[in-house]
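Text of query20.cif (mmCIF, C-alpha atoms and all ligand atoms) as supplied:
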data_run
loop_
_atom_site.label_atom_id
_atom_site.label_comp_id
_atom_site.auth_asym_id
_atom_site.auth_seq_id
_atom_site.Cartn_x
_atom_site.Cartn_y
_atom_site.Cartn_z
CA MET A 70 76.75 101.15 109.24
CA THR A 71 73.89 102.27 107.04
CA ARG A 72 73.71 99.74 104.25
CA PRO A 73 71.14 99.88 101.44
CA ALA A 74 69.73 96.56 100.27
CA ALA A 75 70.83 96.22 96.64
CA SER A 76 73.91 98.14 95.72
CA LEU A 77 74.88 99.82 92.48
CA LEU A 78 78.34 100.63 93.77
CA SER A 79 80.08 98.68 96.47
CA VAL A 80 83.50 99.67 97.77
CA ARG A 81 85.16 97.37 100.30
CA GLY A 82 88.44 97.86 102.12
CA LEU A 83 89.88 100.13 99.45
CA ALA A 84 93.54 101.09 99.81
CA VAL A 85 95.39 103.52 97.52
CA ALA A 86 98.91 104.95 97.67
CA TYR A 87 101.00 107.28 95.56
CA GLY A 88 104.41 105.59 95.65
CA ASP A 89 105.23 105.06 99.31
CA SER A 90 102.67 107.51 100.50
CA ARG A 91 99.44 105.82 101.59
CA VAL A 92 96.37 108.00 100.98
CA LEU A 93 93.35 105.70 101.47
CA TRP A 94 93.12 103.02 104.17
CA ASP A 95 90.38 100.44 104.24
CA VAL A 96 87.63 102.63 102.75
CA SER A 97 84.21 100.98 102.49
CA PHE A 98 80.86 102.36 101.37
CA GLU A 99 77.76 101.42 99.41
CA MET A 100 75.41 103.19 97.03
CA ALA A 101 71.94 101.93 96.12
CA PRO A 102 70.54 102.65 92.65
CA GLY A 103 68.86 106.07 92.53
CA GLU A 104 70.55 107.48 95.62
CA ILE A 105 72.42 110.73 96.06
CA VAL A 106 75.26 110.09 98.47
CA ALA A 107 77.70 112.66 99.85
CA LEU A 108 81.34 111.87 100.49
CA VAL A 109 82.69 114.77 102.48
CA GLY A 110 85.91 115.70 104.17
CA ALA A 111 88.59 118.34 104.53
CA ASN A 112 91.08 119.30 101.85
CA GLY A 113 93.61 116.47 101.49
CA ALA A 114 91.37 113.79 103.03
CA GLY A 115 91.63 111.64 99.89
CA LYS A 116 88.28 112.36 98.21
CA THR A 117 89.65 112.99 94.72
CA THR A 118 91.95 109.99 95.06
CA LEU A 119 88.92 107.82 95.78
CA LEU A 120 87.21 109.06 92.60
CA ARG A 121 90.39 108.43 90.61
CA ALA A 122 90.45 104.87 91.93
CA LEU A 123 86.81 104.37 90.88
CA THR A 124 87.44 105.70 87.38
CA GLY A 125 90.70 103.78 86.96
CA LEU A 126 93.07 106.74 86.97
CA VAL A 127 95.06 105.37 89.92
CA PRO A 128 95.65 101.69 90.72
CA ILE A 129 94.37 100.27 93.98
CA ARG A 130 96.63 98.51 96.48
CA GLY A 131 93.89 96.54 98.16
CA GLY A 132 90.18 96.03 98.52
CA ALA A 133 87.44 95.76 95.92
CA MET A 134 85.12 98.00 93.90
CA ARG A 135 82.02 96.60 92.23
CA LEU A 136 79.51 98.24 89.91
CA ALA A 137 76.25 96.27 89.87
CA GLY A 138 78.25 93.29 91.08
CA GLU A 139 80.99 93.54 88.46
CA ASP A 140 84.58 93.88 89.68
CA LEU A 141 85.93 97.20 88.37
CA ALA A 142 89.61 96.60 89.10
CA PRO A 143 90.47 94.72 85.88
CA LEU A 144 88.66 97.28 83.70
CA LYS A 145 90.41 100.19 81.97
CA SER A 146 89.06 103.71 82.41
CA TYR A 147 87.20 103.70 79.10
CA GLU A 148 85.65 100.33 79.93
CA ARG A 149 84.39 101.71 83.24
CA ALA A 150 82.95 104.69 81.34
CA ARG A 151 81.13 102.28 79.06
CA ARG A 152 79.71 100.47 82.07
CA GLY A 153 78.14 103.78 83.06
CA ILE A 154 80.55 105.63 85.34
CA ALA A 155 81.01 109.33 84.45
CA MET A 156 82.99 111.90 86.37
CA VAL A 157 82.76 115.67 86.60
CA PRO A 158 86.34 116.41 87.64
CA GLU A 159 87.58 118.93 90.16
CA GLY A 160 88.27 122.18 88.30
CA ARG A 161 85.83 121.15 85.47
CA ARG A 162 88.67 120.34 83.00
CA LEU A 163 86.91 121.55 79.88
CA PHE A 164 88.78 122.07 76.63
CA ALA A 165 89.11 125.85 76.78
CA GLY A 166 89.80 126.18 73.05
CA LEU A 167 86.74 124.16 72.01
CA THR A 168 83.17 125.41 71.98
CA VAL A 169 80.53 124.43 74.51
CA ARG A 170 78.87 122.22 71.91
CA GLN A 171 82.18 120.51 71.04
CA ASN A 172 82.92 119.90 74.72
CA LEU A 173 79.47 118.40 75.23
CA LYS A 174 79.83 116.13 72.22
CA LEU A 175 83.14 114.83 73.56
CA GLY A 176 81.19 113.40 76.49
CA ALA A 177 79.31 111.10 74.11
CA THR A 178 82.56 109.53 72.90
CA ALA A 179 82.68 107.62 76.20
CA ARG A 180 79.88 105.34 75.08
CA ALA A 181 79.87 102.58 72.50
CA ASP A 182 76.63 103.59 70.81
CA ARG A 183 76.60 107.19 69.57
CA THR A 184 73.01 107.19 68.29
CA GLY A 185 70.70 109.71 69.92
CA GLU A 186 73.46 112.25 70.44
CA ALA A 187 71.32 115.14 69.13
CA ASP A 188 68.53 114.24 71.55
CA ASP A 189 71.00 114.06 74.40
CA LEU A 190 72.26 117.55 73.53
CA ASP A 191 68.66 118.77 73.72
CA VAL A 192 68.30 117.21 77.17
CA VAL A 193 71.43 119.04 78.37
CA PHE A 194 70.21 122.36 76.95
CA GLU A 195 66.83 121.81 78.59
CA LEU A 196 68.52 121.18 81.91
CA PHE A 197 70.84 124.16 81.49
CA PRO A 198 69.08 126.74 79.29
CA GLU A 199 71.96 129.08 80.19
CA LEU A 200 74.17 127.04 77.85
CA THR A 201 71.86 127.27 74.84
CA ARG A 202 72.95 130.74 73.78
CA MET A 203 76.57 129.87 74.61
CA GLU A 204 76.80 126.73 72.52
CA GLY A 205 79.11 128.28 69.94
CA ARG A 206 81.25 130.07 72.51
CA LEU A 207 84.70 128.84 73.56
CA ALA A 208 84.46 127.04 76.91
CA GLY A 209 87.43 129.01 78.21
CA LEU A 210 85.38 132.20 77.96
CA LEU A 211 82.50 131.00 80.14
CA SER A 212 81.96 132.02 83.75
CA GLY A 213 82.81 129.45 86.45
CA GLY A 214 79.15 128.52 86.87
CA GLU A 215 78.62 128.07 83.14
CA GLN A 216 81.75 125.94 82.96
CA GLN A 217 80.41 123.73 85.75
CA MET A 218 77.11 123.36 83.87
CA CYS A 219 79.04 122.43 80.73
CA ALA A 220 81.15 119.90 82.64
CA ILE A 221 78.04 118.27 84.13
CA GLY A 222 76.39 118.33 80.69
CA ARG A 223 79.43 116.65 79.17
CA ALA A 224 79.25 113.87 81.75
CA LEU A 225 75.52 113.39 81.03
CA MET A 226 76.27 112.96 77.33
CA ALA A 227 77.87 109.64 78.30
CA ARG A 228 74.44 108.49 79.62
CA PRO A 229 75.85 107.46 82.99
CA ARG A 230 74.24 105.25 85.61
CA LEU A 231 76.60 106.63 88.22
CA LEU A 232 77.65 110.28 88.16
CA LEU A 233 80.66 111.27 90.26
CA ILE A 234 80.92 115.02 90.93
CA ASP A 235 84.14 116.34 92.45
CA GLU A 236 83.87 119.72 94.23
CA MET A 237 80.82 120.95 92.38
CA SER A 238 80.65 124.17 94.40
CA LEU A 239 84.30 125.17 94.55
CA GLY A 240 84.85 128.81 93.61
CA LEU A 241 81.21 129.50 92.72
CA ALA A 242 78.86 132.12 94.19
CA PRO A 243 76.11 130.73 96.47
CA VAL A 244 73.31 131.62 94.04
CA ILE A 245 75.05 129.70 91.24
CA VAL A 246 75.74 126.76 93.54
CA GLU A 247 72.03 126.63 94.42
CA ARG A 248 71.13 126.67 90.72
CA ILE A 249 73.51 123.79 89.95
CA ALA A 250 72.40 121.85 93.03
CA GLU A 251 68.81 122.09 91.75
CA ALA A 252 69.94 120.66 88.40
CA VAL A 253 71.70 117.77 90.15
CA ARG A 254 68.51 116.95 92.08
CA LEU A 255 66.60 116.98 88.81
CA ILE A 256 69.15 114.73 87.07
CA ASN A 257 68.70 112.29 89.92
CA ARG A 258 64.92 112.50 90.23
CA ALA A 259 63.90 112.75 86.57
CA ARG A 260 66.52 110.51 85.04
CA GLY A 261 67.19 108.11 87.89
CA ILE A 262 70.94 108.69 87.78
CA THR A 263 72.78 107.73 90.97
CA VAL A 264 75.02 110.56 92.17
CA LEU A 265 78.12 110.61 94.37
CA LEU A 266 78.79 114.17 95.53
CA VAL A 267 82.33 114.71 96.71
CA GLU A 268 82.59 117.98 98.59
CA GLN A 269 84.62 120.06 100.98
CA ASP A 270 81.41 122.04 101.51
CA VAL A 271 79.95 119.54 103.94
CA GLY A 272 76.74 121.48 104.60
CA LEU A 273 75.89 121.79 100.91
CA ALA A 274 76.54 118.14 100.08
CA LEU A 275 74.50 116.89 103.05
CA GLU A 276 71.61 119.14 102.04
CA ILE A 277 71.43 117.54 98.60
CA ALA A 278 72.25 113.94 99.55
CA SER A 279 70.14 111.46 101.47
CA ARG A 280 73.13 109.77 103.11
CA GLY A 281 76.71 110.75 103.75
CA TYR A 282 80.16 109.41 104.54
CA VAL A 283 82.87 111.45 106.21
CA LEU A 284 86.40 110.77 105.00
CA ASP A 285 89.13 111.80 107.43
CA THR A 286 92.78 111.27 106.45
CA GLY A 287 91.97 108.35 104.20
CA ARG A 288 89.42 106.57 106.36
CA VAL A 289 85.63 106.66 106.59
CA THR A 290 85.08 107.78 110.16
CA ILE A 291 81.35 108.57 110.23
CA ASP A 292 78.38 107.62 108.09
CA GLY A 293 74.63 107.90 108.28
CA PRO A 294 71.52 109.66 106.98
CA ALA A 295 72.35 113.22 105.85
CA ASP A 296 69.87 114.78 108.31
CA ASP A 297 71.51 113.00 111.24
CA LEU A 298 75.00 114.03 110.12
CA LEU A 299 73.91 117.67 109.80
CA ARG A 300 72.69 117.60 113.40
CA ARG A 301 75.80 115.97 114.90
CA GLU A 302 77.80 118.21 117.19
CA ASP A 303 81.17 116.83 116.07
CA ILE A 304 80.38 117.44 112.39
CA ARG A 305 78.97 120.88 113.06
CA ALA A 306 82.08 121.85 115.00
CA ALA A 307 84.64 120.31 112.64
CA TYR A 308 83.09 121.05 109.24
CA LEU A 309 80.31 123.59 109.53
CA GLY A 310 82.00 126.15 111.76
CA LEU A 311 79.09 125.88 114.21
CA ASN A 312 78.76 124.66 117.76
N1 LIG B 1 99.44 112.56 92.29
C1 LIG B 1 99.75 112.56 93.59
N2 LIG B 1 100.96 112.16 94.03
C2 LIG B 1 101.26 112.15 95.37
N3 LIG B 1 100.41 112.53 96.32
C3 LIG B 1 99.20 112.95 95.95
C4 LIG B 1 98.80 113.00 94.57
N4 LIG B 1 97.52 113.46 94.51
C5 LIG B 1 97.15 113.70 95.78
N5 LIG B 1 98.14 113.39 96.65
C6 LIG B 1 98.07 113.49 98.13
O1 LIG B 1 97.06 112.61 98.57
C7 LIG B 1 96.32 113.18 99.63
C8 LIG B 1 94.84 113.21 99.28
O2 LIG B 1 94.65 114.09 98.18
P1 LIG B 1 93.25 114.23 97.45
O3 LIG B 1 92.74 112.89 97.10
O4 LIG B 1 93.43 115.20 96.34
O5 LIG B 1 92.36 114.86 98.62
P2 LIG B 1 91.01 115.70 98.56
O6 LIG B 1 90.41 115.55 97.21
O7 LIG B 1 90.18 115.15 99.66
O8 LIG B 1 91.39 117.13 98.84
C9 LIG B 1 96.92 114.56 99.89
O9 LIG B 1 97.83 114.43 100.95
C10 LIG B 1 97.63 114.86 98.59
O10 LIG B 1 98.73 115.70 98.82
MG MG B 2 89.84 116.90 95.83
#
Is it possible to give me this structure as structure tokens?
Ligand SMILES: Nc1ncnc2c1ncn2[C@@H]1O[C@H](COP(=O)(O)OP(=O)(O)O)[C@@H](O)[C@H]1O
Ligand SMILES: [Mg+2]
Amino acid sequence: MTRPAASLLSVRGLAVAYGDSRVLWDVSFEMAPGEIVALVGANGAGKTTLLRALTGLVPIRGGAMRLAGEDLAPLKSYERARRGIAMVPEGRRLFAGLTVRQNLKLGATARADRTGEADDLDVVFELFPELTRMEGRLAGLLSGGEQQMCAIGRALMARPRLLLIDEMSLGLAPVIVERIAEAVRLINRARGITVLLVEQDVGLALEIASRGYVLDTGRVTIDGPADDLLRREDIRAAYLGLN
């Protein structure tokens, strides 16, 4: 197992079920502060369920999750948000009938201290200049790529330490995906935010991340440095359509 020294997020033996149907079995992984880590796997592997467990949207049946040493399990979703966990959900989940600016400002409601909100908006518009001229437009009228930028911007408004991004690339053209991937690298490098990229697009996620974990039917089956994973024959055959 690749295990960084000091961990920001530590997940040990996590088990989650929906009713009688077990989805995650004994999932363990670690994230050091400042890392970009990829959690990849096929549709239905349990990736979104794992993020829901981390953010408190589904209860866990076993195991432990710690953020900077603090047990997350007893904390409600909003308390986890205040500790610095922000999620960009699958499908973006913007409020279609609110403007871009209103959606962004909703992200700041996750934190206790709302001061500096105007500066944070400037940071988001600097990161995504595309959104600047759209700020008064209804989010439902944006393109898929612009919606993804808005969803990432909204999460940043919470000033997270740990940013969870679920299926960043889904449904977007390659050129837009590359643009958003560049922004994610910048968020990580310039602002020191730790990023967990959850992706069906295994090649993309491993290109951005430094390390990766492969989730297969609810279990972590492979982990290692992203470069090594990209070179592995089994991963290339199963997930990259190459051999
Ligand atoms: N709310 C739910 N109730 C019951 N089963 C669910 C629910 N959400 C997801 N599942 C099931 O859990 C498994 C993992 O789903 P999910 O975490 O969404 O996978 P992924 O994000 O990797 O595609 C799938 O078999 C899915 O059908
Ligand atoms: Mg999913």
Q.
Please list as a PyMOL selection string every residue within 10 Å of A:Ala179, counting all atoms listed in the file and excluding residues in the same chain fewer than 2 positions away.
A. chain A and resi 146-155+174-177+181-183+224+226-229
Find the residues of chain A that sit at most 10 Å from ligand LIG 1 (chain B); for each, write down the nearest two atoms and how far apart they are in Å, to one decimal. Count only C-alpha atoms and all ligand atoms. Sort by chain, then by number going up, and give it as a tab-separated table.
residue	atom	partner	partner_atom	distance
A:Val85	CA	B:LIG1	O1	9.3
A:Ala86	CA	B:LIG1	N3	7.8
A:Tyr87	CA	B:LIG1	C2	4.9
A:Gly88	CA	B:LIG1	C2	7.3
A:Asp89	CA	B:LIG1	C2	9.0
A:Ser90	CA	B:LIG1	N3	6.9
A:Arg91	CA	B:LIG1	O1	7.8
A:Val92	CA	B:LIG1	O1	5.2
A:Leu93	CA	B:LIG1	C8	8.0
A:Leu108	CA	B:LIG1	O7	9.5
A:Val109	CA	B:LIG1	O7	8.0
A:Gly110	CA	B:LIG1	O7	6.2
A:Ala111	CA	B:LIG1	O7	6.0
A:Asn112	CA	B:LIG1	O8	3.7
A:Gly113	CA	B:LIG1	O8	3.5
A:Ala114	CA	B:LIG1	O7	3.8
A:Gly115	CA	B:LIG1	O3	3.3
A:Lys116	CA	B:LIG1	O7	3.7
A:Thr117	CA	B:LIG1	O6	3.7
A:Thr118	CA	B:LIG1	O3	3.6
A:Leu119	CA	B:LIG1	O3	6.5
A:Leu120	CA	B:LIG1	O3	8.1
A:Arg121	CA	B:LIG1	O3	8.2
A:Ala122	CA	B:LIG1	O3	9.8
A:Val127	CA	B:LIG1	N1	8.7
A:Glu159	CA	B:LIG1	O6	8.3
A:Asp235	CA	B:LIG1	O6	7.9
A:Glu236	CA	B:LIG1	O6	8.3
A:Val267	CA	B:LIG1	O6	8.1
A:Glu268	CA	B:LIG1	O7	8.2
A:Gln269	CA	B:LIG1	O7	7.5
A:Leu284	CA	B:LIG1	O7	7.9
A:Asp285	CA	B:LIG1	O7	8.5
A:Thr286	CA	B:LIG1	C8	7.7
A:Gly287	CA	B:LIG1	C8	7.5
Grab the residues selected above and save them as a tab-separated table (two decimals), in the frame of the given file with C-alpha atoms.
chain	number	residue	atom	x	y	z
A	85	VAL	CA	95.39	103.52	97.52
A	86	ALA	CA	98.91	104.95	97.67
A	87	TYR	CA	101.00	107.28	95.56
A	88	GLY	CA	104.41	105.59	95.65
A	89	ASP	CA	105.23	105.06	99.31
A	90	SER	CA	102.67	107.51	100.50
A	91	ARG	CA	99.44	105.82	101.59
A	92	VAL	CA	96.37	108.00	100.98
A	93	LEU	CA	93.35	105.70	101.47
A	108	LEU	CA	81.34	111.87	100.49
A	109	VAL	CA	82.69	114.77	102.48
A	110	GLY	CA	85.91	115.70	104.17
A	111	ALA	CA	88.59	118.34	104.53
A	112	ASN	CA	91.08	119.30	101.85
A	113	GLY	CA	93.61	116.47	101.49
A	114	ALA	CA	91.37	113.79	103.03
A	115	GLY	CA	91.63	111.64	99.89
A	116	LYS	CA	88.28	112.36	98.21
A	117	THR	CA	89.65	112.99	94.72
A	118	THR	CA	91.95	109.99	95.06
A	119	LEU	CA	88.92	107.82	95.78
A	120	LEU	CA	87.21	109.06	92.60
A	121	ARG	CA	90.39	108.43	90.61
A	122	ALA	CA	90.45	104.87	91.93
A	127	VAL	CA	95.06	105.37	89.92
A	159	GLU	CA	87.58	118.93	90.16
A	235	ASP	CA	84.14	116.34	92.45
A	236	GLU	CA	83.87	119.72	94.23
A	267	VAL	CA	82.33	114.71	96.71
A	268	GLU	CA	82.59	117.98	98.59
A	269	GLN	CA	84.62	120.06	100.98
A	284	LEU	CA	86.40	110.77	105.00
A	285	ASP	CA	89.13	111.80	107.43
A	286	THR	CA	92.78	111.27	106.45
A	287	GLY	CA	91.97	108.35	104.20
A:Ile277 surroundings by only C-alpha atoms, 9 Å radius, close-in-sequence under 3 positions cut, as a PyMOL selection string: chain A and resi 105-107+250-251+253-254+266+272-274+295
Need the shell around stretch 79-84 of chain A: protein/DNA/RNA residues with any atom at most 12 Å away, counting only C-alpha atoms. Skip same-chain ones fewer than 4 positions apart. Format as a compact mmCIF listing (two decimals) with C-alpha atoms, keeping the file's coordinate frame?
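The new file selection.txt reads:
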# COMPACT_ATOMS: atom_id res chain seq x y z
CA ARG A 72 73.71 99.74 104.25
CA PRO A 73 71.14 99.88 101.44
CA ALA A 74 69.73 96.56 100.27
CA ALA A 75 70.83 96.22 96.64
CA SER A 90 102.67 107.51 100.50
CA ARG A 91 99.44 105.82 101.59
CA VAL A 92 96.37 108.00 100.98
CA LEU A 93 93.35 105.70 101.47
CA TRP A 94 93.12 103.02 104.17
CA ASP A 95 90.38 100.44 104.24
CA VAL A 96 87.63 102.63 102.75
CA SER A 97 84.21 100.98 102.49
CA PHE A 98 80.86 102.36 101.37
CA GLU A 99 77.76 101.42 99.41
CA MET A 100 75.41 103.19 97.03
CA ALA A 101 71.94 101.93 96.12
CA PRO A 102 70.54 102.65 92.65
CA GLY A 115 91.63 111.64 99.89
CA THR A 118 91.95 109.99 95.06
CA LEU A 119 88.92 107.82 95.78
CA LEU A 120 87.21 109.06 92.60
CA ALA A 122 90.45 104.87 91.93
CA LEU A 123 86.81 104.37 90.88
CA VAL A 127 95.06 105.37 89.92
CA PRO A 128 95.65 101.69 90.72
CA ILE A 129 94.37 100.27 93.98
CA ARG A 130 96.63 98.51 96.48
CA GLY A 131 93.89 96.54 98.16
CA GLY A 132 90.18 96.03 98.52
CA ALA A 133 87.44 95.76 95.92
CA MET A 134 85.12 98.00 93.90
CA ARG A 135 82.02 96.60 92.23
CA LEU A 136 79.51 98.24 89.91
CA ALA A 137 76.25 96.27 89.87
CA GLY A 138 78.25 93.29 91.08
CA GLU A 139 80.99 93.54 88.46
CA ASP A 140 84.58 93.88 89.68
CA LEU A 141 85.93 97.20 88.37
CA ALA A 142 89.61 96.60 89.10
CA LEU A 231 76.60 106.63 88.22
CA GLY A 287 91.97 108.35 104.20
CA ARG A 288 89.42 106.57 106.36
CA VAL A 289 85.63 106.66 106.59
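Between atom CA of A:Ala208 and atom CA of A:Asp270 the interatomic distance comes to 25.3 Å.
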Any chance you could tabulate, as a Markdown table, the residues of stretch 192-249 of chain A at most 12 Å from stretch 166-170 of chain A with each one's nearest atom pair and distance in Å to one decimal, using only C-alpha atoms, in chain and rising number order?
| residue | atom | partner | partner_atom | distance |
| --- | --- | --- | --- | --- |
| A:Val193 | CA | A:Arg170 | CA | 10.4 |
| A:Phe194 | CA | A:Arg170 | CA | 10.0 |
| A:Phe197 | CA | A:Val169 | CA | 11.9 |
| A:Glu199 | CA | A:Val169 | CA | 11.3 |
| A:Leu200 | CA | A:Val169 | CA | 7.6 |
| A:Thr201 | CA | A:Arg170 | CA | 9.1 |
| A:Arg202 | CA | A:Val169 | CA | 9.9 |
| A:Met203 | CA | A:Val169 | CA | 6.7 |
| A:Glu204 | CA | A:Val169 | CA | 4.8 |
| A:Gly205 | CA | A:Thr168 | CA | 5.4 |
| A:Arg206 | CA | A:Thr168 | CA | 5.1 |
| A:Leu207 | CA | A:Thr168 | CA | 4.1 |
| A:Ala208 | CA | A:Val169 | CA | 5.3 |
| A:Gly209 | CA | A:Gly166 | CA | 6.3 |
| A:Leu210 | CA | A:Gly166 | CA | 8.9 |
| A:Leu211 | CA | A:Val169 | CA | 8.9 |
| A:Glu215 | CA | A:Val169 | CA | 9.6 |
| A:Gln216 | CA | A:Val169 | CA | 8.7 |
| A:Gln217 | CA | A:Val169 | CA | 11.3 |
| A:Met218 | CA | A:Val169 | CA | 10.0 |
| A:Cys219 | CA | A:Val169 | CA | 6.7 |
| A:Ala220 | CA | A:Val169 | CA | 9.3 |
| A:Ile221 | CA | A:Val169 | CA | 11.7 |
| A:Gly222 | CA | A:Val169 | CA | 9.6 |
| A:Arg223 | CA | A:Val169 | CA | 9.1 |
| A:Met226 | CA | A:Arg170 | CA | 11.0 |
Using only C-alpha atoms, the shortest atom-to-atom distance to A:Leu265 among A:Ala187, A:Ile249, A:Ala278, A:Leu144 belongs to A:Ala278
**Item:** Expected residue set, 7 Å radius at (77.6, 130.3, 88.0), all atoms listed in the file, as a list of chain:residue names
**Value:** A:Ser212, A:Gly213, A:Gly214, A:Glu215, A:Leu241, A:Ala242, A:Ile245, A:Val246
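Between atom CA of A:Leu225 and atom CA of A:Leu190 there is a distance of 9.2 Å.
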The distance between atom CA of A:Lys145 and atom CA of A:Asn172 is 22.3 Å
One residue among A:Ala307, A:Leu239, A:Leu126, A:Ile256 is nearest to ligand MG 2 (chain B) when using only C-alpha atoms and all ligand atoms, and that residue is A:Leu239
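You can rank A:Arg280, A:Arg305, A:Arg161, A:Arg258 by their closest distance to A:Ser238 using all atoms listed in the file, and at the top of that list sits A:Arg161.
Considering only C-alpha atoms and all ligand atoms, the residue among A:Pro243, A:Pro158, A:Gly125, A:Gly103 positioned nearest to ligand MG 2 (chain B) is A:Pro158.
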